[in-house]
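Student: The structure is given below, and queries will be raised subsequently.
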Amino acid sequence: MTADEQSMRRVTAIRNGTVIDHIPGGMVLQALQIFNVDGRHSNPISLVMNVPSRKLGTKDILKIEDRELTQEELDRLALIAPMASVSIIRNYSVAEKLSIQIGDEMINVAHCIYSNCISNAEREPLPHRLKVLKTSPMTLQCHYCGRIQNLDRLVNNLL
Ligand SMILES: [Zn+2]
């Protein structure tokens with residue numbers, strides 16, 4: 001192994017935390033948003049963007065140190081990265097492997113893209129509910145107005 005490879009390894013290996021692989025290329029910033037991670041007060045984070053992937057074309061990888069995401073947090077990723085694979089790292093080795101579980105509904109992950117939907121009315125503090133009609137491709141329907149959501153717009157409506 002060359003010195004470069006060694007230093008690369010040091011940068012990429014984490015001692016404890018969560019590694020999320022197979023995020024579709026370019027979507028890692030949305031993943032951060034889904035996990036409510038912002039740059040100001042958070043653990044060390046490494047992002048790898050747009051590496052070639054046989055499964056996805058290109059993929060992103062996200063590593064969050066010293067935080068083990070829960071299954072519930074991970075399931076929110078179904079919106080952008082249903083194929084993601086997750087490793088919980090403890091003491092530099094994989095302690096657990098998790099995958100995203102896609103339920104029948106995504107609750108309070110994103111709000112309906114239609115501003116005239118009742119779920120977006122301020123005086124109606126309704127939970128935001130999107131029904132999963134299909135997972136490949138991901139097709140979501142608002143529980144309240146019944147309209148199919150445009151995923152590109154929906155990622156701008158993350159809660
Ligand atoms: Zn709606």
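Scheme for the structure tokens: letters A, B, ... for chains in order shown; per-chain residue numbers from 1; ligand numbers from 1 in order shown.
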What does the list of residues within 10 Å of ligand 1 look like if you count only C-alpha atoms and all ligand atoms, written as a list in words?

Tutor: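 Counting only what the definition allows, namely only C-alpha atoms and all ligand atoms, the set is His111, Cys112, Ile113, Tyr114, Ser115, Asn116, Cys117, Ile118, Ser119, Asn120, His128, Arg129, Leu130, Gln141, Cys142, His143, Tyr144, Cys145, Gly146, Arg147, Ile148 and Gln149 of chain A.
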
Student: So that I have them on file, write out the residues from the current selection with C-alpha atoms, as a PDB file, in the first residue's frame.

Tutor:
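Generated file (result11.pdb):
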ATOM      1  CA  HIS A 111     -44.888  18.095   3.018  1.00  0.00           C
ATOM      2  CA  CYS A 112     -47.217  17.950   0.033  1.00  0.00           C
ATOM      3  CA  ILE A 113     -45.870  19.947  -2.928  1.00  0.00           C
ATOM      4  CA  TYR A 114     -49.245  21.616  -3.526  1.00  0.00           C
ATOM      5  CA  SER A 115     -49.449  24.799  -1.504  1.00  0.00           C
ATOM      6  CA  ASN A 116     -53.251  24.776  -1.608  1.00  0.00           C
ATOM      7  CA  CYS A 117     -53.370  21.351   0.069  1.00  0.00           C
ATOM      8  CA  ILE A 118     -55.123  21.359   3.440  1.00  0.00           C
ATOM      9  CA  SER A 119     -52.013  19.792   5.045  1.00  0.00           C
ATOM     10  CA  ASN A 120     -50.130  23.019   4.239  1.00  0.00           C
ATOM     11  CA  HIS A 128     -47.781  15.199   6.811  1.00  0.00           C
ATOM     12  CA  ARG A 129     -48.720  11.868   5.301  1.00  0.00           C
ATOM     13  CA  LEU A 130     -47.569  10.545   1.958  1.00  0.00           C
ATOM     14  CA  GLN A 141     -49.450  10.314  -3.070  1.00  0.00           C
ATOM     15  CA  CYS A 142     -50.627  12.910  -0.582  1.00  0.00           C
ATOM     16  CA  HIS A 143     -52.996  11.382   1.966  1.00  0.00           C
ATOM     17  CA  TYR A 144     -55.104  14.546   2.042  1.00  0.00           C
ATOM     18  CA  CYS A 145     -55.434  15.857  -1.499  1.00  0.00           C
ATOM     19  CA  GLY A 146     -54.698  12.603  -3.289  1.00  0.00           C
ATOM     20  CA  ARG A 147     -52.255  14.210  -5.690  1.00  0.00           C
ATOM     21  CA  ILE A 148     -49.133  12.386  -6.867  1.00  0.00           C
ATOM     22  CA  GLN A 149     -45.957  14.113  -5.737  1.00  0.00           C
TER      23      GLN A 149
END

Student: Identify, on the basis of only C-alpha atoms, every residue whose closest approach to Pro137 (chain A) does not exceed 12 Å; exclude the query and any residue fewer than 3 positions from it along the same chain; express the result as a ChimeraX atom specification.

Tutor: /A:78-83,132-134,140,150-151

Student: Under the rule that only C-alpha atoms are counted, which of A:Gly17, A:Gly39, A:Gly103, A:Pro24 is the nearest residue to Lys63 (chain A)?

Tutor: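 Under the stated criterion, the closest residue is A:Gly17.
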
Student: As a ChimeraX atom specification, which residues of chain A does DSSP assign to alpha helix (DSSP H)?

Tutor: /A:3-12,28-34,71-75,151-154

Student: With a distance cut-off of 7 Å and only C-alpha atoms, select the neighbouring residues of Ser85 (chain A), excluding the residue or stretch itself and same-chain residues fewer than 5 positions from it, and output the selection as an mmCIF file with C-alpha atoms, in the first residue's frame.

Tutor:
data_model
loop_
_atom_site.group_PDB
_atom_site.id
_atom_site.type_symbol
_atom_site.label_atom_id
_atom_site.label_comp_id
_atom_site.auth_asym_id
_atom_site.auth_seq_id
_atom_site.Cartn_x
_atom_site.Cartn_y
_atom_site.Cartn_z
ATOM 1 C CA ILE A 20 -24.555 5.041 4.417
ATOM 2 C CA ASP A 21 -23.659 3.661 1.022
ATOM 3 C CA HIS A 22 -25.589 3.560 -2.273
ATOM 4 C CA LEU A 98 -29.200 -2.164 8.191
ATOM 5 C CA SER A 99 -31.324 -1.381 5.194
#

Student: Rank nothing, just name the residue among A:Val86, A:Leu74, A:Ile34, A:Met27 nearest to Leu47 (chain A), using only C-alpha atoms.

Tutor: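 So, comparing all the options, the nearest one is A:Met27.
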
Student: Pick out the residues sitting within 9 Å of Arg15 (chain A), and hand them over as a PyMOL selection string; count only C-alpha atoms, and ignore anything fewer than 2 positions along from it in its own chain.

Tutor: chain A and resi 13+17+65-66+89-93

Student: Taking into account only C-alpha atoms, which residue in the set A:Arg40, A:Arg67, A:Arg76, A:Arg123 is nearest to Ile100 (chain A)?

Tutor: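 Under the stated criterion, the closest residue is A:Arg76.
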
Student: Just how far from CA of Pro44 (chain A) is CA of Ile102 (chain A), in Å to one decimal?

Tutor: 27.9 Å

Student: Considering only C-alpha atoms, state which residue in the set A:Thr18, A:Thr12, A:Gln33, A:Thr139 is at the smallest distance from Glu68 (chain A).

Tutor: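 Result for the nearest residue to Glu68 (chain A): A:Thr18.
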
Student: Report the distance between CA of Leu154 (chain A) and CA of Gln71 (chain A) in Å, rounded to one decimal place.

Tutor: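 Between these atoms lies a distance of 21.8 Å.
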
Student: Using only C-alpha atoms, which residues sit within 9 Å of Val28 (chain A) once same-chain residues fewer than 4 positions away are excluded, as a PyMOL selection string?

Tutor: chain A and resi 23-24+32-33+47-49+59-62

Student: Quick one: pull the distance between CA of Leu77 (chain A) and CA of Phe35 (chain A), Å, one decimal.

Tutor: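 Rounded to one decimal, the two atoms are 8.4 Å apart.
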